[in-house]
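Only one structure is covered here, and it is reproduced in the block below.
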Amino acid sequence: MKGTAVPEIVRFAAENTTSVGDVLGLGADQRTRWARGLLPRGPVDGTVFYAGEMYPVMGYAEGAFRALKRLEGLMDINSLAKAGPIMRKLGIYTVGTKALWGRINERYEKGLRDAIYVLKNLGIEVGYLFEDEPPSGVALHTYGLLREFKEHAEWVHQRLRELGVKRVITLDPIVATAFRLYYPEFVEGWDVEALLFVEVVAREMARRGVRLRLGREVKITYHDPCYLARTLGVVDEVRFILSRIDGVKYVEPPRHGVNTGCSGDGGLELTQPPLARKVSYERIEELKSTGAEMVFTSCPACIMMLRTGFDSVGVNISVEDLASLVAEAMRNGIEEAMPEEPRFSRYRVFPPSPKPKSLELKDLAEMLEWETDKCKKCGFCNVECPTAKALDRLESRSARGRMTLINSLVKGDPVRPKAVLDRLYSCVLCGQCSQACPVGLHVQELIVYGRAYAIYSGKAGVT
Amino acid sequence: MGFSQAISEISKKIGREKVLTEPEDVYAYSLDASTEFKQAPGAVVRASSEEDVRVVLEVADRERVPVVPRGSGTSLTGAPVPTSPESIVLDLTPMNRVEVNVDDGYVMAEAGATVLEVDKACREFGFFFPPDPASSRVATIGGALAENAGGLRGAKFGVMKNWVLAMEVYLAGGRKLRIGEPVYKWRWGPDLLSLFIGSEGTLGVITRAWLKIYPLPEKVVRVMGTFDRLEDAGSAISQVRRRGYVPMMLELLDRETIEIVNEVLGYGVEVAEAMVVADVDGPREAVWRMAGEVEQVMKESGGRTRASDDPEEMQQLYLARQGAYAAVTRAYPGVLLEDITVPLSKLMIALRELEKLRKEYGLRMPVFGHAGDGNLHPTICFDPRDEEQLRKAKEMFVKIGRLAVELGGAISGEHGIGLAKKELFLEEIKAVRGEGYLEVVRRIKELLDPNGIMNPGKLWF
């Protein structure tokens, strides 16, 4: 990736993912410590709990994100990313980050442990791969490094086969999206089932007629992560679980389910943190308006953006993984009543994915030109686009503007791949654009493919 | 001197951060919703105050730099697309304040507020803003005024110009004109409001407007009629109006529209040669009687009718009309959206002639539109990669415009002229008004914009 249009921070995350195994490059010891003594090594009946490359180290990302705010004006994210490898060479990277942000990370580790507590108490047996757990590499996909993603995903498939994994259960909807939607597209013969924690728990609670007691009254709300709700269509399970916990007074935020709003992540928190922060404010206000004392969600990146977001506006609302709420209630015991068969719909919001013939430049260009030519510039996407809203409808960093720029890039207008990539990287990939598009474009996937085209055409020297 | 001088002076005066010159920023402003014309400006200025607008117009006029005012770029005619690279696109979307004065019966909106934002603000007080172009959630008040936009409620409530009490306009050179007052009656003459409304940014920049608001209807009943002959639907519409009913919405769609909606969106709407959808509004006690009378008129023209005031069922009755644009754009990468208006009494002839054209050229052309005010949107569908189809589509486009003029109508009801209909427009004007009319308008233009910097190349300028 040297000498490409790819910014330092993306290169940092991508290289860490593939060579170290987590986005921040902290290493297996940090990544797996949450599970020590908790889970057996290797799959149980072909099933493993899959922590992924983000959740177990998200607290360090949160620490860095908080630090960046203090460094604003002095140092940007790409300069910070340059410091990482230098610190690693000096042998102070892991020790240093642990000393700085280890405490913050403990809250994320607790989320993971709570999830295991819940699964175990429902009698769902899982193992864990510890340092053998291959990272999904979803960040490679997110940032448009699609050739690298393909190669990595093929390797992951191979590894999971060797380790006897047939099924993964995960708390992270971003890696679940990779396994459910991207892997089947990029890896021939992909046959690993990826289940979400909320799906498994809801199903089991229903089957056994489980009722839980929180032992206190609390008014809560839930932030549907876009990957979970809009992309994977998982909405009903969460409501079902919440309805089975006595003491929970649940309030829906104004935008919820497949119409959820963005908390400012989707990769933007890494590439353009100040914009990510700005994007999150609308959602933070919305969640606050529910009057809830606690916010629950099911995505490590959303947890990070909401925790730091509430702090930055001086509001004392705690944000936790839904798994922690279930675990808290479960510690008061499990009542089993009449089993039931609730219907959990799988909502489908997006049109089929665009498919280039290959990842060669000319095939990418052909698909992108055909698709973005269909864009009628009606601007319905921009009304919903979180970055357009945060930037007072600035066209070049809006959904419609990105379609225009991709079209310009593949048609050979005098736009520079690196600068186009910068605009494309300002997208949170929330998919509200695709939901609003009358033409039926899969806008956020076109943005991912557009990133790929900008990267690989940038490589040819036109940066 | 010239373009770069102007840009650096503007940057210095209003702040560098409001002036975009990177190719990747300006190219995002190179198109509008016609997608037919493309030209990136040399710079985009994001005006966040009237002072920003004034500075741009003062400097650009002195340096003879073209200024293209822009709202959300939803124009269907190329109106906000520059015609030369050394132009400034003046983006007014950051100016988007909306204030409702319910006691005095108006809403003040800055140019960049969307039509829907304005409408929503009024609804909080039990009022609404009647003009509703299909793009209302995106389109700005400034753009809608500059284009004199219409919408679905046109038959009853007219177009933008019918709702303006006062406006502020900046002229080339930076002079501000305040026209009218936010009261329901004032009579200075001549009326300059109408001069600027629909002028497509060629005479000045509208920065804010005071607009009339209207009480929300007490009750609405939706009546839907299906017809075995397109002409019968045309007759039903003109009869509804002829007998004195003014439904809030009176829409027509033909068989091809219904078929495409069903094919693409899978709605399963009953296929008929034509469908008419009317929204009858009125006091709770009377609205069903009025709806019944509209139903009766449709029946007399050979229609089968259904009516409902249940929100879900109303939505069902409207499905085919609502999905029309989405279905057509999904099915066809190339569309030319026509916008003719004909006298209501000629609606049947127009529909018959359109049918002939469709057969003659062999291209699909669903016809839908706000037929209640004589406004039709025949939508020519083609594959842009097929040169023969492209040629045919363009020919049809011109013929449809001419048909409207022949029938005593207009080539554009609500979308405007921009670049798309420039030639047709000149043809229309010369045919129906003669050179003398053009001369008067040219002189007005010279007076207001002597250096010709305001959106050059649009309308007839």
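Each chain in the structure tokens gets a letter, A, B and so on, in the order shown; residues start at 1 in every chain, and ligands are counted from 1 in the order they appear.
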Report as a tab-separated table: every residue of chain A with an atom at most 7 Å from chain B, its closest pair of atoms, and their distance in Å to one decimal, counting only C-alpha atoms, with rows sorted by chain and ascending residue number.
residue	atom	partner	partner_atom	distance
A:Lys374	CA	B:Pro333	CA	5.2
A:Lys376	CA	B:Ala33	CA	5.5
A:Lys377	CA	B:Ala33	CA	4.6
A:Cys378	CA	B:Ala33	CA	5.4
A:Gly379	CA	B:Val138	CA	6.2
A:Phe380	CA	B:Val138	CA	6.2
A:Val383	CA	B:Val138	CA	6.4
A:Asp392	CA	B:Pro94	CA	5.7
A:Arg393	CA	B:Thr93	CA	6.8
A:Glu395	CA	B:Ala28	CA	5.9
A:Ser396	CA	B:Asp25	CA	5.1
A:Gly401	CA	B:Ala28	CA	4.9
A:Thr404	CA	B:Ala28	CA	5.8
A:Leu405	CA	B:Ala28	CA	6.1
A:Val415	CA	B:Glu24	CA	5.6
A:Ala419	CA	B:Glu24	CA	6.5
A:Val420	CA	B:Glu24	CA	6.0
A:Pro438	CA	B:Ala326	CA	4.5
A:Val439	CA	B:Arg330	CA	4.7
A:Gly440	CA	B:Arg330	CA	6.4
Open item on the list: Residues within 12 Å of Arg402 of chain B, please, as a VMD selection string. Count only C-alpha atoms; anything in the same chain fewer than 4 positions from it doesn't count.
Closed with: chain B and resid 338 to 342 350 353 to 354 395 to 398 406 to 412 421 423 to 429 431 to 432
Could you write those residues out with N, CA and C atoms, as a tab-separated table (two decimals), in the first residue's frame?
chain	number	residue	atom	x	y	z
B	338	GLU	N	-40.98	15.25	-19.76
B	338	GLU	CA	-41.65	16.42	-20.36
B	338	GLU	C	-42.53	17.11	-19.34
B	339	ASP	N	-42.98	18.30	-19.65
B	339	ASP	CA	-43.66	19.12	-18.64
B	339	ASP	C	-44.64	20.08	-19.30
B	340	ILE	N	-45.41	19.59	-20.27
B	340	ILE	CA	-46.26	20.52	-21.02
B	340	ILE	C	-47.57	20.84	-20.28
B	341	THR	N	-48.14	21.96	-20.63
B	341	THR	CA	-49.47	22.30	-20.13
B	341	THR	C	-50.38	22.59	-21.32
B	342	VAL	N	-51.60	22.07	-21.23
B	342	VAL	CA	-52.57	22.37	-22.29
B	342	VAL	C	-53.86	22.88	-21.64
B	350	ALA	N	-54.70	16.24	-26.50
B	350	ALA	CA	-53.28	16.08	-26.18
B	350	ALA	C	-52.96	14.62	-25.91
B	353	GLU	N	-52.88	12.62	-29.12
B	353	GLU	CA	-51.69	12.92	-29.93
B	353	GLU	C	-50.44	12.27	-29.32
B	354	LEU	N	-50.37	12.27	-27.99
B	354	LEU	CA	-49.22	11.64	-27.33
B	354	LEU	C	-49.20	10.15	-27.64
B	395	GLU	N	-36.13	13.86	-30.50
B	395	GLU	CA	-37.11	14.32	-31.48
B	395	GLU	C	-38.51	14.38	-30.88
B	396	MET	N	-38.83	13.32	-30.13
B	396	MET	CA	-40.14	13.28	-29.48
B	396	MET	C	-40.31	14.45	-28.52
B	397	PHE	N	-39.23	14.72	-27.79
B	397	PHE	CA	-39.24	15.81	-26.80
B	397	PHE	C	-39.65	17.13	-27.45
B	398	VAL	N	-39.04	17.40	-28.61
B	398	VAL	CA	-39.35	18.65	-29.31
B	398	VAL	C	-40.79	18.62	-29.84
B	406	GLU	N	-49.18	24.28	-30.11
B	406	GLU	CA	-50.27	24.23	-31.10
B	406	GLU	C	-51.64	24.19	-30.44
B	407	LEU	N	-51.70	23.55	-29.28
B	407	LEU	CA	-53.00	23.43	-28.60
B	407	LEU	C	-53.30	24.65	-27.73
B	408	GLY	N	-52.43	25.63	-27.80
B	408	GLY	CA	-52.66	26.84	-27.01
B	408	GLY	C	-52.15	26.73	-25.59
B	409	GLY	N	-51.24	25.80	-25.36
B	409	GLY	CA	-50.68	25.61	-24.02
B	409	GLY	C	-49.28	26.16	-23.92
B	410	ALA	N	-48.45	25.52	-23.08
B	410	ALA	CA	-47.08	25.99	-22.87
B	410	ALA	C	-46.13	24.81	-22.82
B	411	ILE	N	-44.87	25.08	-23.19
B	411	ILE	CA	-43.90	23.97	-23.22
B	411	ILE	C	-43.45	23.58	-21.81
B	412	SER	N	-43.66	24.45	-20.85
B	412	SER	CA	-43.31	24.07	-19.49
B	412	SER	C	-44.34	24.59	-18.50
B	421	LYS	N	-34.84	23.52	-22.61
B	421	LYS	CA	-35.92	23.92	-23.51
B	421	LYS	C	-35.67	25.27	-24.14
B	423	GLU	N	-34.23	26.34	-26.95
B	423	GLU	CA	-34.60	26.55	-28.35
B	423	GLU	C	-36.12	26.51	-28.53
B	424	LEU	N	-36.71	25.52	-27.87
B	424	LEU	CA	-38.17	25.40	-27.95
B	424	LEU	C	-38.85	26.65	-27.42
B	425	PHE	N	-38.28	27.21	-26.38
B	425	PHE	CA	-38.84	28.38	-25.75
B	425	PHE	C	-38.84	29.57	-26.71
B	426	LEU	N	-37.68	29.76	-27.34
B	426	LEU	CA	-37.58	30.86	-28.31
B	426	LEU	C	-38.59	30.66	-29.43
B	427	GLU	N	-38.68	29.41	-29.86
B	427	GLU	CA	-39.63	29.07	-30.93
B	427	GLU	C	-41.05	29.43	-30.48
B	428	GLU	N	-41.37	29.04	-29.23
B	428	GLU	CA	-42.70	29.30	-28.69
B	428	GLU	C	-42.98	30.80	-28.63
B	429	ILE	N	-42.02	31.54	-28.06
B	429	ILE	CA	-42.22	32.98	-27.90
B	429	ILE	C	-42.41	33.65	-29.26
B	431	ALA	N	-43.37	32.37	-32.02
B	431	ALA	CA	-44.61	31.95	-32.67
B	431	ALA	C	-45.83	32.65	-32.08
B	432	VAL	N	-45.87	32.76	-30.75
B	432	VAL	CA	-47.09	33.27	-30.15
B	432	VAL	C	-47.03	34.75	-29.76
Open item on the list: With only C-alpha atoms as the counted atoms, please give the residues lying no more than 8 Å from Pro130 of chain B, apart from itself and same-chain residues fewer than 2 positions off, as a ChimeraX atom specification.
Closed with: /B:119,128,132,153,157,213-214
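Shortest atom-to-atom contact with Cys226 of chain A among A:Pro273, A:Pro40, A:Gly431, A:Pro85: A:Gly431, counting only C-alpha atoms.
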Task: Among listed residues A:Asn259, A:Arg244, A:Leu160, A:Leu287, nearest Gly42 of chain A (using only C-alpha atoms) - done: A:Leu160
- [ ] Write out as a PyMOL selection string which residues come within 6 Å of segment 183-193 of chain A when counting only C-alpha atoms, dropping same-chain ones fewer than 3 positions away.
- [x] chain A and resi 150+154+166-167+178-179
Any chance you could export the current selection's N, CA and C atoms as a short mmCIF file (atom, residue, chain, number, x, y, z; two decimals), in the first residue's frame?
data_model
loop_
_atom_site.label_atom_id
_atom_site.label_comp_id
_atom_site.auth_asym_id
_atom_site.auth_seq_id
_atom_site.Cartn_x
_atom_site.Cartn_y
_atom_site.Cartn_z
N LYS A 150 -10.26 -9.61 -0.30
CA LYS A 150 -10.53 -10.91 -0.92
C LYS A 150 -9.47 -11.94 -0.50
N GLU A 154 -10.17 -15.19 1.97
CA GLU A 154 -9.91 -16.57 1.55
C GLU A 154 -9.06 -17.29 2.59
N LYS A 166 -17.68 -24.22 12.28
CA LYS A 166 -18.80 -24.26 11.33
C LYS A 166 -19.74 -23.08 11.56
N ARG A 167 -19.68 -22.55 12.77
CA ARG A 167 -20.66 -21.52 13.15
C ARG A 167 -20.00 -20.55 14.11
N ALA A 178 -19.83 -8.73 7.55
CA ALA A 178 -18.77 -9.24 6.68
C ALA A 178 -19.00 -10.71 6.38
N PHE A 179 -19.26 -11.50 7.43
CA PHE A 179 -19.41 -12.94 7.23
C PHE A 179 -20.68 -13.29 6.46
#
Open item on the list: When DSSP is applied to the backbone of this structure, which of segment 98-154 of chain B are assigned strand (DSSP E or B)? Write them out as a PyMOL selection string.
Closed with: chain B and resi 98-101+106-110+114+127-128+140
Give me a file of those residues, with C-alpha atoms, as an mmCIF file, in the first residue's frame.
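Everything below was put into selection23.cif:
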data_model
loop_
_atom_site.group_PDB
_atom_site.id
_atom_site.type_symbol
_atom_site.label_atom_id
_atom_site.label_comp_id
_atom_site.auth_asym_id
_atom_site.auth_seq_id
_atom_site.Cartn_x
_atom_site.Cartn_y
_atom_site.Cartn_z
ATOM 1 C CA VAL B 98 -37.573 29.626 8.643
ATOM 2 C CA GLU B 99 -39.862 31.724 10.855
ATOM 3 C CA VAL B 100 -43.631 31.345 10.961
ATOM 4 C CA ASN B 101 -45.713 34.367 11.873
ATOM 5 C CA TYR B 106 -47.064 34.221 6.686
ATOM 6 C CA VAL B 107 -43.831 32.284 6.859
ATOM 7 C CA MET B 108 -40.456 33.921 6.254
ATOM 8 C CA ALA B 109 -37.974 31.585 4.642
ATOM 9 C CA GLU B 110 -34.414 32.104 3.545
ATOM 10 C CA THR B 114 -36.364 23.347 1.717
ATOM 11 C CA PHE B 127 -51.385 25.611 8.731
ATOM 12 C CA PHE B 128 -49.464 24.429 5.691
ATOM 13 C CA THR B 140 -35.203 24.950 -1.739
#
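Ranking A:Asp265, A:Glu285, A:Glu369, A:Glu204 by their shortest atom-to-atom distance to Val118 of chain A, with only C-alpha atoms included, puts A:Glu204 first.
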What lies within 12 Å of Trp460 of chain B using only C-alpha atoms, ignoring chain neighbours under 4 positions off, as a PDB file with C-alpha atoms, in the first residue's frame?
ATOM      1  CA  ALA B  79     -30.858  25.833 -14.831  1.00  0.00           C
ATOM      2  CA  SER B 199     -36.562  34.228 -13.892  1.00  0.00           C
ATOM      3  CA  GLU B 200     -34.249  31.241 -13.205  1.00  0.00           C
ATOM      4  CA  THR B 202     -30.984  35.412 -14.707  1.00  0.00           C
ATOM      5  CA  LEU B 203     -32.067  38.721 -13.137  1.00  0.00           C
ATOM      6  CA  GLY B 416     -38.819  25.757 -16.295  1.00  0.00           C
ATOM      7  CA  ILE B 417     -36.661  26.342 -19.336  1.00  0.00           C
ATOM      8  CA  GLY B 418     -32.995  26.266 -18.260  1.00  0.00           C
ATOM      9  CA  LEU B 419     -30.854  24.780 -20.992  1.00  0.00           C
ATOM     10  CA  ALA B 420     -33.156  21.909 -21.853  1.00  0.00           C
ATOM     11  CA  LYS B 421     -35.917  23.915 -23.513  1.00  0.00           C
ATOM     12  CA  LYS B 422     -34.075  27.000 -24.622  1.00  0.00           C
ATOM     13  CA  GLU B 423     -34.601  26.545 -28.349  1.00  0.00           C
ATOM     14  CA  LEU B 424     -38.171  25.399 -27.947  1.00  0.00           C
ATOM     15  CA  PHE B 425     -38.840  28.383 -25.750  1.00  0.00           C
ATOM     16  CA  LEU B 426     -37.581  30.857 -28.311  1.00  0.00           C
ATOM     17  CA  GLU B 427     -39.628  29.075 -30.926  1.00  0.00           C
ATOM     18  CA  GLU B 428     -42.705  29.299 -28.685  1.00  0.00           C
ATOM     19  CA  ILE B 429     -42.217  32.977 -27.899  1.00  0.00           C
ATOM     20  CA  LYS B 430     -41.612  33.934 -31.519  1.00  0.00           C
ATOM     21  CA  TYR B 437     -41.941  40.747 -26.745  1.00  0.00           C
ATOM     22  CA  LEU B 438     -38.366  39.492 -26.744  1.00  0.00           C
ATOM     23  CA  GLU B 439     -37.088  43.031 -27.148  1.00  0.00           C
ATOM     24  CA  VAL B 441     -37.509  41.393 -21.938  1.00  0.00           C
ATOM     25  CA  ARG B 442     -33.997  41.950 -23.296  1.00  0.00           C
ATOM     26  CA  LYS B 445     -32.286  42.185 -18.544  1.00  0.00           C
ATOM     27  CA  ASN B 455     -26.746  32.771 -14.887  1.00  0.00           C
ATOM     28  CA  PRO B 456     -25.808  33.313 -18.537  1.00  0.00           C
TER      29      PRO B 456
END
- [ ] Enumerate the residues of segment 287-444 of chain A with a DSSP assignment of helix (DSSP H, G or I), computed from the backbone, and present them as a PyMOL selection string.
- [x] chain A and resi 287-288+300-312+322-330+361-373+380-384+386-390+395-397+399-411+417-424+432-436+443-444
Open item on the list: Which residues are near segment 301-318 of chain B? Cut-off 12 Å, only C-alpha atoms, ignore same chain within fewer than 6 positions. Put them as a PyMOL selection string.
Closed with: chain B and resi 218-240+249-253+258+261+267-270+272-281+284+287-295+324
Store the residues of this selection in a file with C-alpha atoms, as a PDB file, in the first residue's frame.
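New file out-v3.pdb:
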ATOM      1  CA  GLU B 218     -60.344  19.709   7.971  1.00  0.00           C
ATOM      2  CA  LYS B 219     -60.767  16.491   6.085  1.00  0.00           C
ATOM      3  CA  VAL B 220     -59.595  14.911   2.849  1.00  0.00           C
ATOM      4  CA  VAL B 221     -61.271  12.099   0.904  1.00  0.00           C
ATOM      5  CA  ARG B 222     -59.356  10.401  -1.877  1.00  0.00           C
ATOM      6  CA  VAL B 223     -61.323   9.361  -4.936  1.00  0.00           C
ATOM      7  CA  MET B 224     -59.796   7.046  -7.494  1.00  0.00           C
ATOM      8  CA  GLY B 225     -61.289   6.325 -10.879  1.00  0.00           C
ATOM      9  CA  THR B 226     -60.149   3.767 -13.445  1.00  0.00           C
ATOM     10  CA  PHE B 227     -61.033   4.090 -17.119  1.00  0.00           C
ATOM     11  CA  ASP B 228     -61.096   1.824 -20.161  1.00  0.00           C
ATOM     12  CA  ARG B 229     -60.088   4.661 -22.477  1.00  0.00           C
ATOM     13  CA  LEU B 230     -57.427   7.296 -21.849  1.00  0.00           C
ATOM     14  CA  GLU B 231     -59.678   9.917 -23.404  1.00  0.00           C
ATOM     15  CA  ASP B 232     -62.428   9.138 -20.917  1.00  0.00           C
ATOM     16  CA  ALA B 233     -60.037   9.958 -18.107  1.00  0.00           C
ATOM     17  CA  GLY B 234     -59.180  13.217 -19.848  1.00  0.00           C
ATOM     18  CA  SER B 235     -62.861  13.981 -20.172  1.00  0.00           C
ATOM     19  CA  ALA B 236     -63.486  13.159 -16.495  1.00  0.00           C
ATOM     20  CA  ILE B 237     -60.811  15.601 -15.435  1.00  0.00           C
ATOM     21  CA  SER B 238     -62.047  18.451 -17.556  1.00  0.00           C
ATOM     22  CA  GLN B 239     -65.636  17.745 -16.424  1.00  0.00           C
ATOM     23  CA  VAL B 240     -64.682  17.787 -12.743  1.00  0.00           C
ATOM     24  CA  MET B 249     -55.040  17.156  -6.075  1.00  0.00           C
ATOM     25  CA  LEU B 250     -56.230  15.858  -9.444  1.00  0.00           C
ATOM     26  CA  GLU B 251     -53.747  13.430 -10.970  1.00  0.00           C
ATOM     27  CA  LEU B 252     -53.789  11.342 -14.112  1.00  0.00           C
ATOM     28  CA  LEU B 253     -51.759   8.288 -15.039  1.00  0.00           C
ATOM     29  CA  ILE B 258     -49.347   1.521 -14.098  1.00  0.00           C
ATOM     30  CA  VAL B 261     -44.940   0.547 -11.615  1.00  0.00           C
ATOM     31  CA  TYR B 267     -47.235  -3.271  -6.500  1.00  0.00           C
ATOM     32  CA  GLY B 268     -49.967  -5.255  -8.228  1.00  0.00           C
ATOM     33  CA  VAL B 269     -52.111  -2.210  -8.998  1.00  0.00           C
ATOM     34  CA  GLU B 270     -55.157  -3.002 -11.147  1.00  0.00           C
ATOM     35  CA  ALA B 272     -56.511   0.075 -16.625  1.00  0.00           C
ATOM     36  CA  GLU B 273     -56.110   2.357 -19.634  1.00  0.00           C
ATOM     37  CA  ALA B 274     -56.025   5.314 -17.271  1.00  0.00           C
ATOM     38  CA  MET B 275     -56.398   6.218 -13.651  1.00  0.00           C
ATOM     39  CA  VAL B 276     -57.460   9.488 -12.060  1.00  0.00           C
ATOM     40  CA  VAL B 277     -56.772  10.263  -8.413  1.00  0.00           C
ATOM     41  CA  ALA B 278     -58.495  13.204  -6.760  1.00  0.00           C
ATOM     42  CA  ASP B 279     -58.140  14.551  -3.232  1.00  0.00           C
ATOM     43  CA  VAL B 280     -61.329  16.299  -2.251  1.00  0.00           C
ATOM     44  CA  ASP B 281     -60.972  18.485   0.823  1.00  0.00           C
ATOM     45  CA  ARG B 284     -65.967  17.361   7.882  1.00  0.00           C
ATOM     46  CA  VAL B 287     -66.504  16.490   2.302  1.00  0.00           C
ATOM     47  CA  TRP B 288     -68.118  13.113   1.647  1.00  0.00           C
ATOM     48  CA  ARG B 289     -70.966  14.724  -0.248  1.00  0.00           C
ATOM     49  CA  MET B 290     -68.448  16.596  -2.407  1.00  0.00           C
ATOM     50  CA  ALA B 291     -66.383  13.443  -2.929  1.00  0.00           C
ATOM     51  CA  GLY B 292     -69.558  11.626  -3.962  1.00  0.00           C
ATOM     52  CA  GLU B 293     -70.247  14.270  -6.559  1.00  0.00           C
ATOM     53  CA  VAL B 294     -66.719  13.982  -7.956  1.00  0.00           C
ATOM     54  CA  GLU B 295     -67.192  10.207  -8.077  1.00  0.00           C
ATOM     55  CA  ALA B 324     -44.251   6.407 -11.051  1.00  0.00           C
TER      56      ALA B 324
END
- [ ] Identify, on the basis of only C-alpha atoms, every residue whose closest approach to Ala292 of chain A does not exceed 8 Å; exclude the query and any residue fewer than 6 positions from it along the same chain; express the result as an MDAnalysis selection string.
- [x] chainID A and resid 219:221 251 317
Could you write those residues out with C-alpha atoms, as a short mmCIF file (atom, residue, chain, number, x, y, z; two decimals), in the first residue's frame?
data_model
loop_
_atom_site.label_atom_id
_atom_site.label_comp_id
_atom_site.auth_asym_id
_atom_site.auth_seq_id
_atom_site.Cartn_x
_atom_site.Cartn_y
_atom_site.Cartn_z
CA LYS A 219 -36.16 3.81 31.78
CA ILE A 220 -34.03 2.84 28.83
CA THR A 221 -33.77 3.33 25.10
CA VAL A 251 -38.82 4.05 25.07
CA ILE A 317 -26.25 8.84 30.38
#
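Straight-line separation from atom CA of Leu424 of chain A to atom CA of Pro85 of chain B: 24.1 Å.
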Open item on the list: Quick check, in Å to one decimal: how far apart do atom CA of Val138 of chain A and atom CA of Tyr182 of chain A lie?
Closed with: 8.6 Å
